[in-house]
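Raw contents of model-v3.pdb, PDB, C-alpha atoms:
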```
ATOM      1  CA  MET A   7     -56.304  24.040  -8.594
ATOM      2  CA  ARG A   8     -59.368  24.190  -6.348
ATOM      3  CA  ASP A   9     -61.565  23.179  -9.303
ATOM      4  CA  TYR A  10     -59.225  20.306 -10.125
ATOM      5  CA  LEU A  11     -59.291  19.022  -6.554
ATOM      6  CA  SER A  12     -63.050  19.412  -6.238
ATOM      7  CA  ARG A  13     -63.503  16.894  -9.077
ATOM      8  CA  GLY A  14     -61.601  14.288  -7.095
ATOM      9  CA  VAL A  15     -57.872  14.031  -7.355
ATOM     10  CA  SER A  16     -56.012  10.883  -8.334
ATOM     11  CA  LEU A  17     -52.645  10.562  -6.694
ATOM     12  CA  GLY A  18     -51.868   7.103  -8.033
ATOM     13  CA  LYS A  19     -51.038   4.746  -5.160
ATOM     14  CA  ILE A  20     -51.720   7.508  -2.641
ATOM     15  CA  GLY A  21     -55.224   7.317  -1.217
ATOM     16  CA  VAL A  22     -56.845  10.545  -0.082
ATOM     17  CA  LEU A  23     -59.158  10.391   2.920
ATOM     18  CA  GLY A  24     -61.630  13.235   2.755
ATOM     19  CA  GLN A  25     -61.024  16.459   0.872
ATOM     20  CA  PRO A  26     -57.402  17.672   0.877
ATOM     21  CA  THR A  27     -56.605  21.336   1.320
ATOM     22  CA  ILE A  28     -54.130  23.311  -0.736
ATOM     23  CA  THR A  29     -51.407  24.550   1.604
ATOM     24  CA  GLN A  30     -49.062  25.983  -1.021
ATOM     25  CA  ILE A  31     -48.814  26.682  -4.753
ATOM     26  CA  VAL A  32     -45.445  27.678  -6.222
ATOM     27  CA  PHE A  33     -44.569  28.325  -9.866
ATOM     28  CA  THR A  34     -40.895  27.512 -10.296
ATOM     29  CA  THR A  35     -38.466  25.231 -12.152
ATOM     30  CA  ILE A  36     -37.255  21.719 -11.468
ATOM     31  CA  ARG A  37     -33.859  23.144 -10.437
ATOM     32  CA  GLU A  38     -35.445  25.398  -7.799
ATOM     33  CA  LEU A  39     -37.642  22.557  -6.562
ATOM     34  CA  ASP A  40     -34.556  20.411  -5.951
ATOM     35  CA  ARG A  41     -32.970  23.283  -4.021
ATOM     36  CA  ALA A  42     -36.115  23.614  -1.900
ATOM     37  CA  CYS A  43     -36.059  19.852  -1.242
ATOM     38  CA  GLY A  44     -32.319  19.723  -0.548
ATOM     39  CA  GLU A  45     -31.738  16.967  -3.098
ATOM     40  CA  ARG A  46     -31.205  16.388  -6.815
ATOM     41  CA  TYR A  47     -33.835  13.751  -7.541
ATOM     42  CA  PHE A  48     -36.058  15.776  -9.853
ATOM     43  CA  GLU A  49     -33.209  17.434 -11.756
ATOM     44  CA  ALA A  50     -31.717  14.001 -12.406
ATOM     45  CA  ASN A  51     -34.977  12.884 -14.038
ATOM     46  CA  TYR A  52     -36.350  16.032 -15.715
ATOM     47  CA  PRO A  53     -34.873  19.064 -17.502
ATOM     48  CA  ALA A  54     -33.565  21.523 -14.891
ATOM     49  CA  ASP A  55     -35.271  24.490 -16.554
ATOM     50  CA  LEU A  56     -38.684  22.781 -16.872
ATOM     51  CA  PRO A  57     -41.298  25.253 -15.577
ATOM     52  CA  ILE A  58     -43.567  23.590 -13.048
ATOM     53  CA  CYS A  59     -46.393  24.286 -10.682
ATOM     54  CA  TYR A  60     -45.722  22.687  -7.291
ATOM     55  CA  VAL A  61     -48.925  22.119  -5.328
ATOM     56  CA  GLU A  62     -48.654  21.036  -1.707
ATOM     57  CA  LEU A  63     -51.658  19.409  -0.072
ATOM     58  CA  GLY A  64     -52.603  18.901   3.544
ATOM     59  CA  GLY A  65     -54.930  16.169   4.742
ATOM     60  CA  THR A  66     -54.798  12.479   5.439
ATOM     61  CA  PHE A  67     -53.036  10.387   2.823
ATOM     62  CA  ARG A  68     -52.335   6.662   2.765
ATOM     63  CA  VAL A  69     -49.640   5.168   0.581
ATOM     64  CA  PHE A  70     -50.353   1.746  -0.865
ATOM     65  CA  GLY A  71     -47.518  -0.450  -2.072
ATOM     66  CA  PRO A  72     -47.439  -2.836  -4.996
ATOM     67  CA  PRO A  73     -49.853  -5.786  -5.046
ATOM     68  CA  GLY A  74     -48.757  -9.029  -3.478
ATOM     69  CA  LEU A  75     -47.365  -7.645  -0.224
ATOM     70  CA  GLY A  76     -50.029  -9.345   1.855
ATOM     71  CA  ALA A  77     -52.116  -7.474   4.395
ATOM     72  CA  ALA A  78     -49.515  -4.885   5.345
ATOM     73  CA  PRO A  79     -51.218  -1.679   6.507
ATOM     74  CA  ALA A  80     -50.842   1.415   4.366
ATOM     75  CA  ALA A  81     -48.511   4.123   5.667
ATOM     76  CA  SER A  82     -50.213   7.423   6.547
ATOM     77  CA  THR A  83     -48.936  10.963   6.198
ATOM     78  CA  SER A  84     -50.394  14.461   6.464
ATOM     79  CA  THR A  85     -48.856  16.032   3.338
ATOM     80  CA  ALA A  86     -48.652  15.234  -0.364
ATOM     81  CA  PHE A  87     -47.648  17.106  -3.498
ATOM     82  CA  ILE A  88     -48.510  17.326  -7.166
ATOM     83  CA  LEU A  89     -46.087  18.513  -9.862
ATOM     84  CA  ILE A  90     -47.720  19.977 -12.933
ATOM     85  CA  ASP A  91     -45.979  20.936 -16.153
ATOM     86  CA  ALA A  92     -46.589  24.704 -16.181
ATOM     87  CA  ARG A  93     -46.647  24.791 -19.996
ATOM     88  CA  THR A  94     -49.122  21.965 -20.649
ATOM     89  CA  GLY A  95     -51.052  21.625 -17.392
ATOM     90  CA  ASN A  96     -50.303  17.886 -17.285
ATOM     91  CA  VAL A  97     -49.677  16.239 -13.930
ATOM     92  CA  PHE A  98     -46.410  14.324 -14.128
ATOM     93  CA  VAL A  99     -45.466  13.537 -10.518
ATOM     94  CA  THR A 100     -47.448  12.932  -7.344
ATOM     95  CA  GLY A 101     -45.846  12.038  -4.045
ATOM     96  CA  THR A 102     -45.848  12.111  -0.307
ATOM     97  CA  PRO A 103     -44.707  13.502   2.043
ATOM     98  CA  SER A 104     -43.958  16.957   0.724
ATOM     99  CA  ARG A 105     -40.355  17.982   1.391
ATOM    100  CA  ALA A 106     -39.978  21.367  -0.275
ATOM    101  CA  ARG A 107     -39.112  24.257   2.037
ATOM    102  CA  TRP A 108     -39.095  27.599   0.262
ATOM    103  CA  ALA A 109     -36.830  30.396   1.542
TER     104      ALA A 109
END
```
Could I get this structure in the form of structure tokens?
Amino acid sequence: MRDYLSRGVSLGKIGVLGQPTITQIVFTTIRELDRACGERYFEANYPADLPICYVELGGTFRVFGPPGLGAAPAASTSTAFILIDARTGNVFVTGTPSRARWA
């Protein structure tokens, strides 16, 4: 993960200011991620038993909305996350802020 981040990470519409730090890496399933988040968003959109790597990042992140919204400032947050398919290594979700709280 450190190598991946050192090459510059793309988080889609989430801009990264500076170099983010990895605050947490958890290998789990979509079902367990939803439990850690206290919601059922991921399980509703992906197979519950999908093995994933959840990577939480700390730093300064700015979320940019769709084009055409005028000069609205980007929202800032101090956490973001990346979900990686643990079988293929493909990134399939990026988001902010991170909400998972592991027991």
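The shortest atom-to-atom distance to Glu38 of chain A, with all atoms listed in the file taken into account, belongs to A:Pro57 out of A:Leu23, A:Ala50, A:Pro57, A:Val69.
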Give, as AutoDock Vina command-line options, the centre coordinates and the x, y and z edge lengths in Å to one decimal for an axis-aligned box around all listed atoms of segment 93-102 of chain A, padded by 4 Å on each side.
```
--center_x -48.3 --center_y 18.4 --center_z -10.5 --size_x 13.6 --size_y 20.8 --size_z 28.3
```
In Å and to one decimal, atom CA of Ile31 of chain A is distant from atom CA of Gly64 of chain A by 12.0 Å
message: What would the selection look like, as number ranges by chain, if the PyMOL selection byres ((chain A and resi 17) around 10) were run on the coordinates I just shared?
response: A: 14-16, 18-22, 67, 69, 86-88, 97, 99-102
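One finds atom CA of Thr94 of chain A at 17.6 Å from atom CA of Leu11 of chain A.
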Checklist entry - Contacts of Phe98 of chain A at 7 Å or less, counting all atoms listed in the file, minus same-chain residues fewer than 6 places along, as JSON, numbers by chain? => result {"A": [89, 90, 91]}
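A straight line drawn from atom CA of Ala42 of chain A to atom CA of Trp108 of chain A is 5.4 Å long.
For the choices A:Arg37, A:Arg105, A:Arg13, A:Arg93, the atom-to-atom distance to Cys59 of chain A is smallest for A:Arg93 when using all atoms listed in the file.
Evaluating the PyMOL selection byres ((chain A and resi 8) around 12) against the shown model yields Met7, Asp9, Tyr10, Leu11, Ser12, Arg13, Gly14, Val15, Gln25, Pro26, Thr27, Ile28, Thr29, Gln30, Ile31, Val61 and Leu63 of chain A.
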Keeping only C-alpha atoms, take the residues you just selected and write them out as a tab-separated table (two decimals), keeping the file's coordinate frame.
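The result, written out as again.tsv:
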```tsv
chain	number	residue	atom	x	y	z
A	7	MET	CA	-56.30	24.04	-8.59
A	9	ASP	CA	-61.56	23.18	-9.30
A	10	TYR	CA	-59.22	20.31	-10.12
A	11	LEU	CA	-59.29	19.02	-6.55
A	12	SER	CA	-63.05	19.41	-6.24
A	13	ARG	CA	-63.50	16.89	-9.08
A	14	GLY	CA	-61.60	14.29	-7.10
A	15	VAL	CA	-57.87	14.03	-7.36
A	25	GLN	CA	-61.02	16.46	0.87
A	26	PRO	CA	-57.40	17.67	0.88
A	27	THR	CA	-56.60	21.34	1.32
A	28	ILE	CA	-54.13	23.31	-0.74
A	29	THR	CA	-51.41	24.55	1.60
A	30	GLN	CA	-49.06	25.98	-1.02
A	31	ILE	CA	-48.81	26.68	-4.75
A	61	VAL	CA	-48.92	22.12	-5.33
A	63	LEU	CA	-51.66	19.41	-0.07
```
Counting all atoms listed in the file, closest pick from A:Ile36, A:Ile58, A:Gly24, A:Arg46 relative to Gly95 of chain A is A:Ile58
